[in-house]
$ cat run_33.tsv   # TSV, C-alpha atoms
chain	number	residue	atom	x	y	z
A	75	MET	CA	-12.29	-14.67	-7.38
A	76	ALA	CA	-11.16	-18.30	-7.62
A	77	VAL	CA	-13.83	-19.35	-5.10
A	78	TYR	CA	-16.58	-17.73	-7.15
A	79	ALA	CA	-15.30	-19.30	-10.38
A	80	ARG	CA	-15.24	-22.74	-8.70
A	81	HIS	CA	-18.83	-22.28	-7.57
A	82	LEU	CA	-19.93	-21.35	-11.09
A	83	LYS	CA	-18.15	-24.37	-12.54
A	84	MET	CA	-19.89	-26.68	-10.07
A	85	LEU	CA	-23.27	-25.15	-10.91
A	86	LEU	CA	-22.66	-25.62	-14.65
A	87	ALA	CA	-21.84	-29.26	-13.91
A	88	GLY	CA	-25.34	-29.69	-12.46
A	89	GLN	CA	-24.40	-29.57	-8.79
A	90	SER	CA	-26.28	-27.65	-6.13
A	91	ILE	CA	-24.27	-25.59	-3.64
A	92	PRO	CA	-25.33	-24.85	-0.05
A	93	LEU	CA	-26.03	-21.14	0.43
A	94	THR	CA	-23.66	-21.14	3.39
A	95	LYS	CA	-20.77	-21.65	0.93
A	96	PHE	CA	-21.42	-18.17	-0.46
A	97	SER	CA	-19.96	-15.25	1.47
A	98	ALA	CA	-21.96	-12.05	1.84
A	99	LYS	CA	-20.01	-10.57	-1.05
A	100	LEU	CA	-20.69	-13.56	-3.31
A	101	ARG	CA	-24.37	-13.54	-2.41
A	102	GLY	CA	-24.44	-10.00	-3.71
A	103	ARG	CA	-22.90	-11.17	-6.97
A	104	ILE	CA	-25.44	-13.93	-7.58
A	105	LYS	CA	-28.38	-11.68	-6.71
A	106	THR	CA	-28.86	-10.58	-10.33
A	107	LEU	CA	-28.67	-14.20	-11.49
A	108	LEU	CA	-31.41	-15.15	-9.03
A	109	GLU	CA	-33.58	-12.20	-10.07
A	110	ALA	CA	-33.09	-13.06	-13.76
A	111	GLY	CA	-34.18	-16.64	-13.22
A	112	VAL	CA	-30.78	-18.07	-14.13
A	113	LEU	CA	-30.26	-19.49	-10.66
A	114	GLU	CA	-32.70	-20.46	-7.94
A	115	GLN	CA	-32.50	-20.64	-4.18
A	116	LYS	CA	-34.50	-23.42	-2.59
A	117	ARG	CA	-34.82	-25.20	0.71
A	118	VAL	CA	-32.97	-28.51	1.05
A	119	GLY	CA	-33.44	-30.16	4.40
A	120	ALA	CA	-32.76	-27.63	7.13
A	121	GLY	CA	-30.90	-25.22	4.87
A	122	GLN	CA	-30.93	-23.40	1.56
A	123	SER	CA	-29.09	-24.27	-1.64
A	124	ILE	CA	-28.33	-22.64	-4.99
A	125	SER	CA	-28.92	-24.48	-8.26
A	126	VAL	CA	-29.24	-23.70	-11.98
A	127	ILE	CA	-32.47	-23.07	-13.87
A	128	SER	CA	-31.01	-21.74	-17.15
A	129	TYR	CA	-27.73	-23.37	-18.10
A	130	ARG	CA	-27.56	-21.29	-21.28
A	131	GLY	CA	-28.02	-18.12	-19.27
A	132	LEU	CA	-25.29	-19.12	-16.85
A	133	GLU	CA	-22.92	-20.01	-19.69
A	134	LYS	CA	-23.41	-16.55	-21.22
A	135	TYR	CA	-22.80	-14.93	-17.84
A	136	CYS	CA	-19.56	-16.90	-17.33
A	137	GLN	CA	-18.32	-16.05	-20.82
A	138	LYS	CA	-18.89	-12.37	-20.14
A	139	GLN	CA	-17.30	-12.41	-16.70
A	140	TYR	CA	-14.36	-14.66	-17.58
A	141	PRO	CA	-13.36	-14.32	-21.27
A	142	SER	CA	-10.49	-16.79	-20.80
A	143	GLY	CA	-12.72	-19.40	-19.17
A	144	LEU	CA	-13.51	-20.55	-15.66
A	145	ASP	CA	-10.45	-22.78	-15.42
A	146	ALA	CA	-8.16	-19.77	-15.96
A	147	ALA	CA	-10.02	-17.85	-13.26
A	148	ILE	CA	-9.73	-20.77	-10.87
A	149	ALA	CA	-5.98	-21.04	-11.53
A	150	GLY	CA	-5.59	-17.34	-10.72
A	151	VAL	CA	-3.34	-14.67	-12.17
A	152	SER	CA	-0.06	-13.04	-11.18
A	153	THR	CA	0.28	-10.15	-13.65
A	154	ARG	CA	-1.97	-7.28	-14.72
A	155	ALA	CA	-1.92	-8.51	-18.31
A	156	GLU	CA	-3.29	-11.88	-17.18
A	157	ALA	CA	-5.91	-10.09	-15.06
A	158	VAL	CA	-7.21	-8.25	-18.15
A	159	ALA	CA	-7.40	-11.54	-20.06
A	160	VAL	CA	-9.09	-13.49	-17.27
A	161	TYR	CA	-11.20	-10.86	-15.48
A	162	ARG	CA	-11.23	-7.90	-17.93
A	163	ASP	CA	-9.78	-5.88	-15.06
A	164	ALA	CA	-6.06	-5.18	-14.52
A	165	LYS	CA	-6.76	-3.95	-10.99
A	166	ARG	CA	-7.62	-7.48	-9.85
A	167	VAL	CA	-3.84	-7.80	-9.38
A	168	GLN	CA	-2.75	-5.24	-6.83
A	169	GLY	CA	0.98	-5.33	-7.45
A	170	THR	CA	3.36	-5.84	-10.34
A	171	ASP	CA	6.47	-7.95	-10.78
A	172	ARG	CA	8.66	-4.86	-10.49
A	173	GLU	CA	8.50	-1.27	-9.33
A	174	ALA	CA	10.28	2.03	-9.79
A	175	LEU	CA	12.24	3.32	-6.84
A	176	LEU	CA	12.46	7.11	-7.16
A	177	ILE	CA	15.23	8.79	-5.17
A	178	ARG	CA	17.16	12.02	-4.78
A	179	VAL	CA	20.77	11.66	-3.67
A	180	PHE	CA	22.84	14.27	-1.83
A	181	SER	CA	25.94	12.27	-0.84
A	182	GLU	CA	29.08	11.71	-2.96
A	183	ARG	CA	29.96	8.49	-1.16
A	184	GLU	CA	30.83	5.72	-3.61
A	185	ASP	CA	29.54	2.98	-1.29
A	186	LEU	CA	26.23	4.74	-0.63
A	187	LEU	CA	23.99	2.66	-2.85
A	188	LYS	CA	24.30	-0.86	-4.24
A	189	LEU	CA	21.86	-2.97	-6.20
A	190	ASN	CA	22.71	-6.66	-6.37
A	191	ASP	CA	26.29	-5.91	-5.25
A	192	ILE	CA	26.85	-3.27	-7.95
A	193	SER	CA	27.61	0.29	-6.80
A	194	LEU	CA	25.40	2.84	-8.53
A	195	PRO	CA	26.44	6.42	-9.44
A	196	ALA	CA	23.08	7.74	-8.31
A	197	LYS	CA	24.47	11.14	-7.22
A	198	ALA	CA	25.76	11.75	-10.75
A	199	TRP	CA	22.38	10.75	-12.17
A	200	CYS	CA	20.62	13.22	-9.89
A	201	ASP	CA	23.10	15.99	-10.73
A	202	GLN	CA	22.35	15.48	-14.41
A	203	ALA	CA	18.61	14.79	-14.34
A	204	GLY	CA	17.38	15.89	-10.90
A	205	ILE	CA	16.26	12.42	-9.90
A	206	ALA	CA	17.35	8.79	-10.12
A	207	GLY	CA	15.14	5.77	-10.72
A	208	LEU	CA	15.90	2.14	-9.94
A	209	GLN	CA	14.00	-0.94	-11.04
A	210	LEU	CA	13.32	-3.19	-8.08
A	211	ARG	CA	12.22	-6.83	-8.50
A	212	ASP	CA	11.44	-9.56	-6.01
A	213	GLY	CA	14.72	-11.08	-4.86
A	214	ASP	CA	16.84	-8.02	-5.59
A	215	LYS	CA	19.33	-6.94	-2.93
A	216	LEU	CA	19.31	-3.21	-2.16
A	217	GLU	CA	22.11	-1.96	0.08
A	218	ILE	CA	22.28	1.55	1.50
A	219	SER	CA	25.12	2.80	3.68
A	220	GLY	CA	23.87	6.12	4.96
A	221	ARG	CA	20.85	8.02	6.17
A	222	ILE	CA	17.72	7.68	4.03
A	223	ALA	CA	14.52	9.69	4.38
A	224	LEU	CA	11.29	7.95	3.38
A	225	VAL	CA	8.99	10.72	2.17
A	226	GLU	CA	5.29	10.08	1.74
A	227	ASN	CA	4.23	13.05	-0.42
A	228	ILE	CA	5.62	14.32	-3.70
A	229	ASP	CA	5.87	18.05	-2.83
A	230	VAL	CA	8.02	17.30	0.21
A	231	PHE	CA	10.10	14.92	-1.88
A	232	TRP	CA	10.93	17.66	-4.40
A	233	ALA	CA	11.57	20.34	-1.75
A	234	PHE	CA	13.07	18.21	1.00
A	235	GLU	CA	15.93	20.69	1.52
A	236	LYS	CA	13.43	23.15	3.04
A	237	LEU	CA	13.09	20.90	6.07
A	238	GLY	CA	16.73	21.54	6.98
A	239	VAL	CA	17.31	17.86	7.69
A	240	SER	CA	20.60	16.22	6.76
A	241	VAL	CA	20.22	12.92	4.87
A	242	ASP	CA	22.09	11.09	2.11
A	243	ILE	CA	19.06	9.86	0.14
A	244	VAL	CA	15.42	10.83	-0.12
A	245	TYR	CA	13.06	8.06	-1.29
A	246	TYR	CA	9.55	8.89	-2.51
A	247	THR	CA	7.17	6.25	-1.15
A	248	GLY	CA	3.97	7.66	-2.64
A	249	GLY	CA	2.03	6.81	0.51
A	250	ARG	CA	2.57	3.35	1.94
A	251	PHE	CA	5.90	1.92	0.86
A	252	SER	CA	5.87	-1.48	-0.74
A	253	GLY	CA	6.55	-4.84	0.84
A	254	ARG	CA	9.05	-5.42	-1.94
A	255	PHE	CA	11.13	-2.46	-0.74
A	256	LEU	CA	11.19	-3.87	2.78
A	257	SER	CA	12.15	-7.34	1.60
A	258	CYS	CA	14.91	-6.10	-0.73
A	259	LEU	CA	16.49	-3.57	1.62
A	260	VAL	CA	19.39	-5.29	3.40
A	261	PRO	CA	19.76	-4.46	7.12
A	262	ASN	CA	23.25	-3.30	8.05
A	263	GLU	CA	24.97	-1.24	10.72
A	264	HIS	CA	25.60	1.65	8.32
A	265	ILE	CA	21.96	2.42	7.48
A	266	SER	CA	19.51	4.64	9.34
A	267	LEU	CA	16.02	5.53	8.25
A	268	LEU	CA	14.01	8.68	8.83
A	269	HIS	CA	10.33	8.23	8.11
A	270	CYS	CA	8.72	11.47	6.93
A	271	GLY	CA	5.02	10.84	6.67
A	272	ASP	CA	1.72	12.51	7.46
A	273	TYR	CA	0.98	13.04	11.13
A	274	ASP	CA	-1.96	10.68	11.06
A	275	PRO	CA	-2.65	6.98	11.80
A	276	VAL	CA	-1.35	5.73	8.46
A	277	GLY	CA	1.88	7.73	8.70
A	278	LEU	CA	2.56	6.39	12.18
A	279	ASP	CA	1.63	2.86	11.17
A	280	GLU	CA	4.13	2.99	8.30
A	281	TYR	CA	6.84	4.18	10.69
A	282	LEU	CA	6.24	1.25	13.06
A	283	ARG	CA	6.19	-1.12	10.11
A	284	ILE	CA	9.69	-0.18	9.03
A	285	LYS	CA	11.00	0.11	12.58
A	286	LYS	CA	9.92	-3.48	13.19
A	287	LYS	CA	12.42	-4.66	10.59
A	288	PHE	CA	15.05	-1.93	10.93
A	289	GLY	CA	15.61	-0.87	14.50
A	290	ALA	CA	17.54	2.21	13.34
A	291	ALA	CA	14.41	4.09	12.27
A	292	GLU	CA	13.06	7.45	13.42
A	293	PHE	CA	9.86	9.38	12.81
A	294	TYR	CA	10.46	12.97	11.76
A	295	ILE	CA	8.83	15.42	14.16
A	296	PRO	CA	9.59	19.15	13.77
A	297	ALA	CA	10.09	21.25	16.86
A	298	ASN	CA	6.86	23.15	16.22
A	299	ILE	CA	4.68	20.08	15.76
A	300	ALA	CA	2.14	21.21	18.38
A	301	GLU	CA	1.67	24.49	16.51
A	302	LEU	CA	1.20	22.68	13.21
A	303	PHE	CA	-1.77	20.75	14.58
A	304	LYS	CA	-3.90	23.86	14.24
A	305	TYR	CA	-4.01	22.76	10.57
A	306	SER	CA	-5.33	19.31	11.50
A	307	LYS	CA	-8.06	17.60	9.48
A	308	LYS	CA	-10.61	15.12	10.82
A	309	ASP	CA	-10.80	13.28	7.49
A	310	LEU	CA	-7.33	11.85	8.08
A	311	ILE	CA	-8.54	9.80	11.04
A	312	GLN	CA	-12.18	9.04	10.24
A	313	ASP	CA	-11.51	5.90	8.22
A	314	ASN	CA	-8.54	4.81	10.33
A	315	GLN	CA	-10.04	4.38	13.78
A	316	ALA	CA	-8.93	0.74	14.03
A	317	ILE	CA	-5.33	1.73	13.27
A	318	LEU	CA	-5.55	4.60	15.75
A	319	ALA	CA	-6.82	2.30	18.48
A	320	ARG	CA	-3.86	0.00	17.91
A	321	LEU	CA	-1.43	2.94	17.93
A	322	ARG	CA	-2.71	4.04	21.34
A	323	LEU	CA	-1.18	0.83	22.71
A	324	SER	CA	2.27	1.56	21.26
A	325	LEU	CA	5.18	2.20	23.61
A	326	ASP	CA	7.14	4.14	20.99
A	327	GLU	CA	7.69	7.70	22.25
A	328	ALA	CA	7.25	9.36	18.86
A	329	VAL	CA	3.98	7.52	18.28
A	330	LYS	CA	2.70	8.37	21.74
A	331	ARG	CA	3.49	12.04	21.20
A	332	ILE	CA	1.66	12.29	17.87
A	333	VAL	CA	-1.30	10.20	19.03
A	334	ARG	CA	-1.80	12.60	21.96
A	335	LEU	CA	-1.96	15.50	19.49
A	336	ILE	CA	-4.32	13.60	17.21
A	337	ASP	CA	-6.66	12.89	20.12
A	338	GLN	CA	-6.40	16.46	21.37
A	339	HIS	CA	-7.30	17.98	18.00
A	340	ASN	CA	-9.46	15.12	16.68
A	341	GLY	CA	-7.55	15.07	13.41
A	342	GLY	CA	-4.25	14.54	11.63
A	343	VAL	CA	-1.92	16.85	9.70
A	344	GLU	CA	-0.62	16.38	6.16
A	345	GLN	CA	3.14	16.72	5.89
A	346	GLU	CA	2.97	19.34	3.12
A	347	ILE	CA	2.41	21.90	5.88
A	348	LEU	CA	6.13	21.62	6.57
A	349	LEU	CA	6.80	23.55	3.36
A	350	LEU	CA	4.68	26.55	4.37
A	351	LYS	CA	6.78	29.70	4.49
A	352	ASN	CA	7.49	31.55	7.74
A	353	LEU	CA	7.08	28.45	9.87
A	354	SER	CA	10.00	27.70	12.20
A	355	HIS	CA	10.85	24.04	12.58

$ encode --input "run_33.tsv" --output "structure tokens"
Amino acid sequence: MAVYARHLKMLLAGQSIPLTKFSAKLRGRIKTLLEAGVLEQKRVGAGQSISVISYRGLEKYCQKQYPSGLDAAIAGVSTRAEAVAVYRDAKRVQGTDREALLIRVFSEREDLLKLNDISLPAKAWCDQAGIAGLQLRDGDKLEISGRIALVENIDVFWAFEKLGVSVDIVYYTGGRFSGRFLSCLVPNEHISLLHCGDYDPVGLDEYLRIKKKFGAAEFYIPANIAELFKYSKKDLIQDNQAILARLRLSLDEAVKRIVRLIDQHNGGVEQEILLLKNLSH
């Protein structure tokens, strides 16, 4: 976005810009301006350049696109509120300056969970309300002394007991867990992580991502995993072929096992199948 705003500012200042400075995406954005006669593309020497025909038209366009001005767009934004003011679109900022960490706690251990060196009574919170929520900011220090399951999907999060797996904490990742969680979680000899994700390229990729930082990480595979692949879905791998190709090179035994099943069935399996009644794990 900053590159595009800089280009527009240069054009308003009367400068021409070589066409090669515009990426394919940016060329798509200026297409309407060229068709409307606001900008023109002309040959200069051996190449092509973009220049302004209607300065008033370009000024109106910039005011509509960037209500806070081109300089603000060039400077960039760090919060969603700023993104609304500068771009009219909060989604131009992918993250926020904090996030909610949703957990269920099963252990009574007093040293189980610390945030910035303060022990938290998360088990009592869960007993009273069914769930505990922590606010996590950049720079926070999250310490866990126990076994934590990272669960990708909400139904499995709420009914984790049905898996028959013993853990101290269940953390709902909502898909891919955040980089902030990884940076705040303090490695220690008392923590182990069980990644419970979909049996597809993204689920495996997330497992390897956390294992890279925390060696004590496992990928949850039920005993009947081969049987469960009769519920596989091709959609789970169609848009993730690049990830799948990379996973085929992995030496991790869990990854190799699931990738073989994915290739055999030409699809992945969503982890909600684990909650289906009358399935033995």

$ residues_around --input "run_33.tsv" --residues "segment 215-217 of chain A" --least-positions-apart "3" --cutoff "7 Å" --atoms "all atoms listed in the file" --output "list in words"
Leu187, Lys188, Leu189, Asn190, Cys258, Leu259 and Val260 of chain A

$ residues_near_point --input "run_33.tsv" --point "(-6.0, 18.6, 16.3)" --cutoff "8 Å" --atoms "all atoms listed in the file" --output "JSON, numbers by chain"
{"A": [303, 304, 305, 306, 307, 308, 335, 336, 337, 338, 339, 340, 341, 342, 343]}

$ closest_residue --input "run_33.tsv" --among "A:Leu310, A:Ala79, A:Leu108, A:Ala196" --to "Tyr273 of chain A" --atoms "only C-alpha atoms"
A:Leu310

$ closest_residue --input "run_33.tsv" --among "A:Ala110, A:Val179, A:Ile127, A:Ile228" --to "Gln345 of chain A" --atoms "all atoms listed in the file"
A:Ile228

$ closest_residue --input "run_33.tsv" --among "A:Glu292, A:Asp309, A:Glu346, A:Asp171" --to "Leu267 of chain A" --atoms "all atoms listed in the file"
A:Glu292

$ closest_residue --input "run_33.tsv" --among "A:Ser125, A:Gln209, A:Thr106, A:Gln315" --to "Gly88 of chain A" --atoms "only C-alpha atoms"
A:Ser125

$ atom_distance --input "run_33.tsv" --atom1 "atom CA of Gln89 of chain A" --atom2 "atom CA of Leu113 of chain A"
11.8 Å

$ closest_residue --input "run_33.tsv" --among "A:Leu224, A:Val112, A:Ile124, A:Ala146" --to "Asp242 of chain A" --atoms "all atoms listed in the file"
A:Leu224

$ residues_near_point --input "run_33.tsv" --point "(8.0, 13.0, 1.6)" --cutoff "10 Å" --atoms "all atoms listed in the file" --output "JSON list (two decimals) with C-alpha atoms, in the frame of the given file"
[["chain", "number", "residue", "atom", "x", "y", "z"],
["A", 223, "ALA", "CA", 14.52, 9.69, 4.38],
["A", 224, "LEU", "CA", 11.29, 7.95, 3.38],
["A", 225, "VAL", "CA", 8.99, 10.72, 2.17],
["A", 226, "GLU", "CA", 5.29, 10.08, 1.74],
["A", 227, "ASN", "CA", 4.23, 13.05, -0.42],
["A", 228, "ILE", "CA", 5.62, 14.32, -3.70],
["A", 229, "ASP", "CA", 5.87, 18.05, -2.83],
["A", 230, "VAL", "CA", 8.02, 17.30, 0.21],
["A", 231, "PHE", "CA", 10.10, 14.92, -1.88],
["A", 232, "TRP", "CA", 10.93, 17.66, -4.40],
["A", 233, "ALA", "CA", 11.57, 20.34, -1.75],
["A", 234, "PHE", "CA", 13.07, 18.21, 1.00],
["A", 244, "VAL", "CA", 15.42, 10.83, -0.12],
["A", 245, "TYR", "CA", 13.06, 8.06, -1.29],
["A", 246, "TYR", "CA", 9.55, 8.89, -2.51],
["A", 247, "THR", "CA", 7.17, 6.25, -1.15],
["A", 248, "GLY", "CA", 3.97, 7.66, -2.64],
["A", 249, "GLY", "CA", 2.03, 6.81, 0.51],
["A", 269, "HIS", "CA", 10.33, 8.23, 8.11],
["A", 270, "CYS", "CA", 8.72, 11.47, 6.93],
["A", 271, "GLY", "CA", 5.02, 10.84, 6.67],
["A", 272, "ASP", "CA", 1.72, 12.51, 7.46],
["A", 345, "GLN", "CA", 3.14, 16.72, 5.89],
["A", 346, "GLU", "CA", 2.97, 19.34, 3.12]]

$ atom_distance --input "run_33.tsv" --atom1 "atom CA of Lys197 of chain A" --atom2 "atom CA of Glu182 of chain A"
6.3 Å

$ closest_residue --input "run_33.tsv" --among "A:Glu235, A:Asp185, A:Asp212, A:Glu114" --to "Gly253 of chain A" --atoms "all atoms listed in the file"
A:Asp212

$ atom_distance --input "run_33.tsv" --atom1 "atom CA of Lys134 of chain A" --atom2 "atom CA of Lys105 of chain A"
16.1 Å

$ residues_around --input "run_33.tsv" --residues "Gly289 of chain A" --least-positions-apart "4" --cutoff "9 Å" --atoms "all atoms listed in the file" --output "PyMOL selection string"
chain A and resi 266-267+284-285

$ residues_around --input "run_33.tsv" --residues "segment 92-101 of chain A" --least-positions-apart "3" --cutoff "8 Å" --atoms "all atoms listed in the file" --output "list in words"
Tyr78, Ile104, Lys105, Gln115, Gly121, Gln122, Ser123 and Ile124 of chain A

$ residues_around --input "run_33.tsv" --residues "Pro195 of chain A" --least-positions-apart "4" --cutoff "12 Å" --atoms "all atoms listed in the file" --output "ChimeraX atom specification"
/A:178-189,199-202,205-208
